[in-house]
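*Asks:* To be precise about what I am sending: the file is called upload28.cif and holds mmCIF, C-alpha atoms.
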data_work
loop_
_atom_site.label_atom_id
_atom_site.label_comp_id
_atom_site.auth_asym_id
_atom_site.auth_seq_id
_atom_site.Cartn_x
_atom_site.Cartn_y
_atom_site.Cartn_z
CA MET A 1 -26.64 26.79 22.89
CA SER A 2 -24.30 23.83 23.31
CA ILE A 3 -22.82 21.82 20.47
CA ARG A 4 -25.32 19.04 21.24
CA GLU A 5 -28.25 21.43 21.16
CA ASN A 6 -27.02 22.95 17.91
CA ILE A 7 -26.67 19.54 16.28
CA ASP A 8 -30.15 18.52 17.39
CA TYR A 9 -31.54 21.78 16.01
CA ILE A 10 -29.77 21.35 12.66
CA LYS A 11 -30.99 17.77 12.42
CA GLY A 12 -34.54 18.99 12.99
CA LEU A 13 -34.27 21.58 10.21
CA LYS A 14 -32.66 18.95 7.96
CA GLU A 15 -35.57 16.57 8.53
CA GLU A 16 -38.14 19.29 7.81
CA ALA A 17 -36.43 20.26 4.54
CA ALA A 18 -36.01 16.62 3.52
CA ARG A 19 -39.71 16.02 4.16
CA ARG A 20 -40.59 18.94 1.91
CA SER A 21 -38.54 17.29 -0.85
CA GLY A 22 -40.22 13.92 -0.36
CA ARG A 23 -37.37 12.29 1.55
CA LEU A 24 -36.36 11.43 5.09
CA GLY A 25 -33.84 13.34 7.20
CA GLU A 26 -31.60 10.27 7.23
CA ASP A 27 -31.34 10.53 3.44
CA VAL A 28 -29.22 13.68 3.88
CA LEU A 29 -25.71 13.34 5.30
CA LEU A 30 -24.63 16.06 7.73
CA VAL A 31 -20.90 16.83 7.46
CA ALA A 32 -19.73 19.01 10.33
CA VAL A 33 -17.25 21.61 9.09
CA THR A 34 -14.48 21.97 11.63
CA LYS A 35 -12.30 24.74 10.20
CA LEU A 36 -10.47 26.55 13.03
CA HIS A 37 -12.21 24.44 15.66
CA SER A 38 -10.28 22.35 18.17
CA ALA A 39 -9.98 18.59 18.40
CA GLU A 40 -11.84 18.81 21.70
CA GLU A 41 -14.82 20.50 20.02
CA ILE A 42 -14.74 17.97 17.20
CA ASN A 43 -14.71 15.06 19.65
CA GLU A 44 -17.67 16.58 21.46
CA ALA A 45 -19.58 16.69 18.18
CA ILE A 46 -18.63 13.06 17.48
CA ASP A 47 -19.96 12.11 20.91
CA CYS A 48 -23.23 13.76 19.83
CA GLY A 49 -23.54 11.49 16.80
CA ILE A 50 -21.54 13.27 14.08
CA THR A 51 -19.98 10.63 11.82
CA ASP A 52 -18.41 12.85 9.13
CA ILE A 53 -16.32 16.00 9.43
CA GLY A 54 -15.08 18.36 6.74
CA GLU A 55 -11.87 20.35 6.75
CA ASN A 56 -10.92 23.13 4.36
CA LYS A 57 -7.16 22.92 4.72
CA VAL A 58 -4.72 20.04 4.53
CA GLN A 59 -2.67 21.44 7.41
CA GLU A 60 -5.64 21.34 9.77
CA ILE A 61 -6.25 17.69 8.95
CA MET A 62 -2.60 16.95 9.67
CA ASP A 63 -2.68 18.86 12.95
CA LYS A 64 -5.90 17.29 14.24
CA TYR A 65 -5.92 13.80 12.75
CA ASP A 66 -4.27 11.95 15.64
CA HIS A 67 -6.29 13.83 18.27
CA VAL A 68 -9.77 13.18 16.90
CA LYS A 69 -11.88 10.09 17.59
CA PRO A 70 -12.63 7.68 14.70
CA VAL A 71 -14.64 9.58 12.08
CA ARG A 72 -14.85 9.96 8.30
CA TRP A 73 -12.78 12.92 7.10
CA HIS A 74 -13.74 14.98 4.06
CA LEU A 75 -11.47 17.53 2.35
CA ILE A 76 -13.93 20.23 1.29
CA GLY A 77 -11.67 23.21 0.56
CA HIS A 78 -9.48 23.99 -2.42
CA LEU A 79 -6.73 21.40 -2.76
CA GLN A 80 -3.34 22.13 -4.30
CA THR A 81 -1.73 19.26 -6.17
CA ASN A 82 1.39 19.39 -4.03
CA LYS A 83 -0.68 18.76 -0.89
CA VAL A 84 -2.53 15.65 -2.10
CA LYS A 85 0.16 13.29 -0.84
CA TYR A 86 -0.37 14.38 2.76
CA ILE A 87 -4.06 13.47 3.02
CA ILE A 88 -4.58 10.74 0.42
CA ASP A 89 -4.60 8.02 3.10
CA LYS A 90 -6.55 10.06 5.65
CA VAL A 91 -9.72 11.32 3.97
CA SER A 92 -12.69 9.32 2.76
CA MET A 93 -13.66 11.80 0.06
CA ILE A 94 -12.33 14.93 -1.65
CA HIS A 95 -15.16 17.33 -2.50
CA SER A 96 -13.29 20.06 -4.31
CA VAL A 97 -11.86 18.56 -7.50
CA ASP A 98 -11.90 21.36 -10.04
CA SER A 99 -9.41 20.23 -12.69
CA VAL A 100 -8.30 17.11 -14.51
CA HIS A 101 -4.75 17.90 -13.40
CA LEU A 102 -5.78 17.64 -9.74
CA ALA A 103 -7.70 14.42 -10.39
CA GLN A 104 -4.62 12.94 -12.06
CA GLU A 105 -2.48 13.78 -9.03
CA ILE A 106 -5.08 12.20 -6.74
CA HIS A 107 -5.02 9.11 -8.97
CA LYS A 108 -1.22 8.94 -8.81
CA ARG A 109 -1.09 9.18 -5.03
CA ALA A 110 -4.03 6.79 -4.56
CA GLU A 111 -2.33 4.24 -6.80
CA GLN A 112 0.82 4.47 -4.67
CA HIS A 113 -1.27 3.61 -1.59
CA GLY A 114 -3.22 0.86 -3.32
CA LEU A 115 -6.58 2.58 -2.93
CA VAL A 116 -9.31 4.20 -4.97
CA MET A 117 -10.18 7.72 -3.82
CA ASP A 118 -13.75 8.98 -3.89
CA ILE A 119 -14.08 12.50 -5.29
CA LEU A 120 -16.73 15.06 -6.11
CA ILE A 121 -16.50 17.48 -9.02
CA GLN A 122 -16.80 21.08 -7.82
CA VAL A 123 -19.11 23.12 -10.04
CA ASN A 124 -19.11 26.92 -9.88
CA ALA A 125 -22.67 27.40 -11.12
CA ALA A 126 -22.68 31.14 -10.45
CA GLN A 127 -19.27 31.55 -12.15
CA GLU A 128 -17.99 33.65 -9.26
CA GLU A 129 -14.38 34.69 -9.82
CA SER A 130 -13.71 34.45 -6.08
CA LYS A 131 -14.62 30.75 -5.96
CA PHE A 132 -13.05 27.65 -7.41
CA GLY A 133 -14.92 25.13 -9.50
CA ILE A 134 -15.63 24.46 -13.15
CA LYS A 135 -18.34 26.00 -15.29
CA THR A 136 -21.50 23.97 -15.64
CA GLU A 137 -20.88 23.41 -19.35
CA GLU A 138 -17.43 21.92 -18.64
CA THR A 139 -18.75 19.16 -16.40
CA GLY A 140 -19.21 16.47 -19.03
CA LEU A 141 -15.80 16.90 -20.62
CA MET A 142 -14.07 16.85 -17.25
CA ILE A 143 -15.85 13.68 -16.17
CA GLU A 144 -14.98 12.03 -19.48
CA GLU A 145 -11.28 12.89 -19.16
CA ILE A 146 -11.07 11.71 -15.54
CA LEU A 147 -12.68 8.40 -16.44
CA LYS A 148 -10.12 7.96 -19.24
CA THR A 149 -7.00 8.81 -17.26
CA CYS A 150 -7.63 8.20 -13.54
CA PRO A 151 -8.47 4.57 -12.73
CA ASN A 152 -7.69 5.07 -9.04
CA VAL A 153 -10.31 7.81 -8.74
CA ARG A 154 -14.02 7.17 -8.35
CA ILE A 155 -16.43 10.02 -9.12
CA ARG A 156 -19.19 9.95 -6.50
CA GLY A 157 -21.08 13.09 -7.51
CA LEU A 158 -20.97 16.88 -7.58
CA MET A 159 -20.34 19.70 -5.13
CA CYS A 160 -21.08 23.40 -5.27
CA ILE A 161 -20.76 26.48 -3.09
CA ALA A 162 -23.52 28.97 -3.79
CA PRO A 163 -22.94 32.73 -3.62
CA PHE A 164 -23.62 34.32 -0.25
CA GLU A 165 -27.01 36.01 -0.21
CA GLU A 166 -28.99 37.43 2.70
CA ASN A 167 -32.03 35.60 1.35
CA PRO A 168 -31.28 31.90 0.68
CA GLU A 169 -34.08 31.88 -1.89
CA ASP A 170 -31.80 33.91 -4.15
CA VAL A 171 -29.41 30.95 -4.56
CA ARG A 172 -32.06 28.32 -5.27
CA ILE A 173 -31.47 28.72 -9.00
CA TYR A 174 -27.82 27.60 -8.65
CA PHE A 175 -28.70 24.53 -6.62
CA ARG A 176 -31.30 23.65 -9.23
CA GLN A 177 -28.72 23.92 -12.04
CA VAL A 178 -26.27 21.61 -10.30
CA LYS A 179 -29.03 19.10 -9.50
CA ARG A 180 -29.83 18.92 -13.21
CA LEU A 181 -26.18 18.12 -13.94
CA TYR A 182 -26.19 15.53 -11.17
CA ASP A 183 -29.21 13.80 -12.67
CA GLU A 184 -27.75 13.95 -16.19
CA TYR A 185 -24.28 12.59 -15.47
CA GLY A 186 -25.44 10.26 -12.74
CA ARG A 187 -26.90 8.09 -15.49
CA LEU A 188 -23.45 7.32 -16.89
CA ARG A 189 -22.30 3.73 -16.53
CA HIS A 190 -18.62 3.15 -15.86
CA PRO A 191 -16.67 1.24 -13.17
CA ASN A 192 -15.24 4.51 -11.85
CA ILE A 193 -18.41 6.57 -11.66
CA ASP A 194 -21.01 5.94 -9.00
CA PHE A 195 -23.02 9.05 -8.20
CA ALA A 196 -24.26 8.99 -4.62
CA TYR A 197 -23.57 12.50 -3.28
CA LEU A 198 -24.80 15.93 -4.22
CA SER A 199 -22.89 18.15 -1.81
CA MET A 200 -24.78 21.45 -1.61
CA GLY A 201 -25.74 23.72 1.25
CA MET A 202 -24.01 25.30 4.22
CA SER A 203 -25.20 26.96 7.44
CA GLY A 204 -27.06 29.79 5.72
CA ASP A 205 -28.71 27.94 2.86
CA PHE A 206 -28.80 24.19 3.53
CA GLN A 207 -32.58 23.97 3.78
CA VAL A 208 -33.02 25.42 0.29
CA ALA A 209 -30.26 23.11 -0.95
CA ILE A 210 -32.02 20.05 0.47
CA GLU A 211 -35.31 21.15 -1.10
CA GLU A 212 -33.50 21.26 -4.45
CA GLY A 213 -32.06 17.76 -4.06
CA SER A 214 -28.90 17.98 -1.95
CA ASN A 215 -28.16 14.83 0.01
CA LEU A 216 -24.99 16.10 1.72
CA ILE A 217 -24.79 19.38 3.62
CA ARG A 218 -21.67 21.01 5.06
CA VAL A 219 -22.46 22.88 8.27
CA GLY A 220 -19.95 24.51 10.58
CA THR A 221 -20.95 27.83 12.14
CA SER A 222 -24.44 26.63 13.07
CA ILE A 223 -22.89 23.74 15.01
CA PHE A 224 -19.74 25.20 16.55
CA GLY A 225 -20.49 28.91 16.53
CA ALA A 226 -18.54 31.73 14.88
CA ARG A 227 -14.93 30.98 14.01
CA ASP A 228 -12.08 32.82 15.69
CA TYR A 229 -10.02 33.91 12.69
CA SER A 230 -7.25 35.18 14.97
CA LYS A 231 -6.25 31.49 15.26
CA LYS A 232 -5.27 31.35 11.59
#
Using structure tokens, write down the structure that the file contains.

*Replies:*
Amino acid sequence: MSIRENIDYIKGLKEEAARRSGRLGEDVLLVAVTKLHSAEEINEAIDCGITDIGENKVQEIMDKYDHVKPVRWHLIGHLQTNKVKYIIDKVSMIHSVDSVHLAQEIHKRAEQHGLVMDILIQVNAAQEESKFGIKTEETGLMIEEILKTCPNVRIRGLMCIAPFEENPEDVRIYFRQVKRLYDEYGRLRHPNIDFAYLSMGMSGDFQVAIEEGSNLIRVGTSIFGARDYSKK
């Protein structure tokens, strides 16, 4: 199938899952994950209606940025503090904030550029050692500290990466846990917190994620096909 056909198919599944959760397909933002895919492929997806793309690595954003048509960029992979300065003026949101230290560096660089950076707090609900993210019980304290110390950061919601399971039903419990946190902390009132995004679900599990409340899904393989890791 072509990129256009894949996008149309994903949008159809997105709409079905959103309907099952009492929402519309347009209530769920599709972020196309472009790791290891070329600027040409990304531009083709943009021509097919993709408005938001997600990159895992800072270097890929730097390499592709000037070759990609106007689009909203999301940094969705682990971000090292020493790389923040390279993408602070290029991305619209950073999904993978997993420490106060990182948030403080984002604040510092955003302040230098005279902007406020939107971030998501990455929660590791399954507490997998191989994945980044904070424990669910640390969420409140981290939000509190960021609000105290990072005026140039705006917390827009939460993000999680569920464990890989052959049966997506097996990860429903983790999406449900993070949705509860989203509902709890989304009630906070502060100038620098404005929950709007619950970033959950990838190619293999996004329908279950939407059913459990996700309103932002990150889909790569199902749009562009398998990645060629020899390009790394």

*Asks:* Run the PyMOL selection byres ((chain A and resi 117) around 8) on the file and write out the hits as a PyMOL selection string.

*Replies:* chain A and resi 88+92-94+106-107+110+115-116+118-119+152-154

*Asks:* Could you spell out the hits of the PyMOL selection byres ((chain A and resi 123) around 10) on the shown file, as a list in words?

*Replies:*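 On the file shown, the PyMOL selection byres ((chain A and resi 123) around 10) covers Ser96, Val97, Asp98, Leu120, Ile121, Gln122, Asn124, Ala125, Ala126, Gln127, Lys131, Phe132, Gly133, Ile134, Lys135, Thr136, Glu137, Glu138, Thr139, Leu158, Met159, Cys160, Ile161, Ala162, Tyr174, Gln177, Val178 and Leu181 of chain A.
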
*Asks:* What's around segment 27-42 of chain A at 10 Å? Count all atoms listed in the file, leave out sequence neighbours fewer than 5 positions away in its own chain, and write the answer as a ChimeraX atom specification.

*Replies:* /A:3,7,10-11,14-15,17-18,47-48,50-57,60-61,63-69,71-77,197-199,202-203,210,213-232

*Asks:* Separation of atom CA of Arg19 of chain A and atom CA of Glu211 of chain A, in Å?

*Replies:*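 Interatomic distance, atom CA of Arg19 of chain A to atom CA of Glu211 of chain A: 8.6 Å.
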
*Asks:* Using atom CA of Glu166 of chain A and atom CA of Glu128 of chain A as the two end points, give the distance in Å to one decimal.

*Replies:*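 Here the two named atoms are 16.7 Å from each other.
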
*Asks:* Would you please work out which residue, of A:Phe175, A:Gln207, A:Leu188, A:His101, is nearest to Ser21 of chain A when using all atoms listed in the file?

*Replies:* A:Gln207
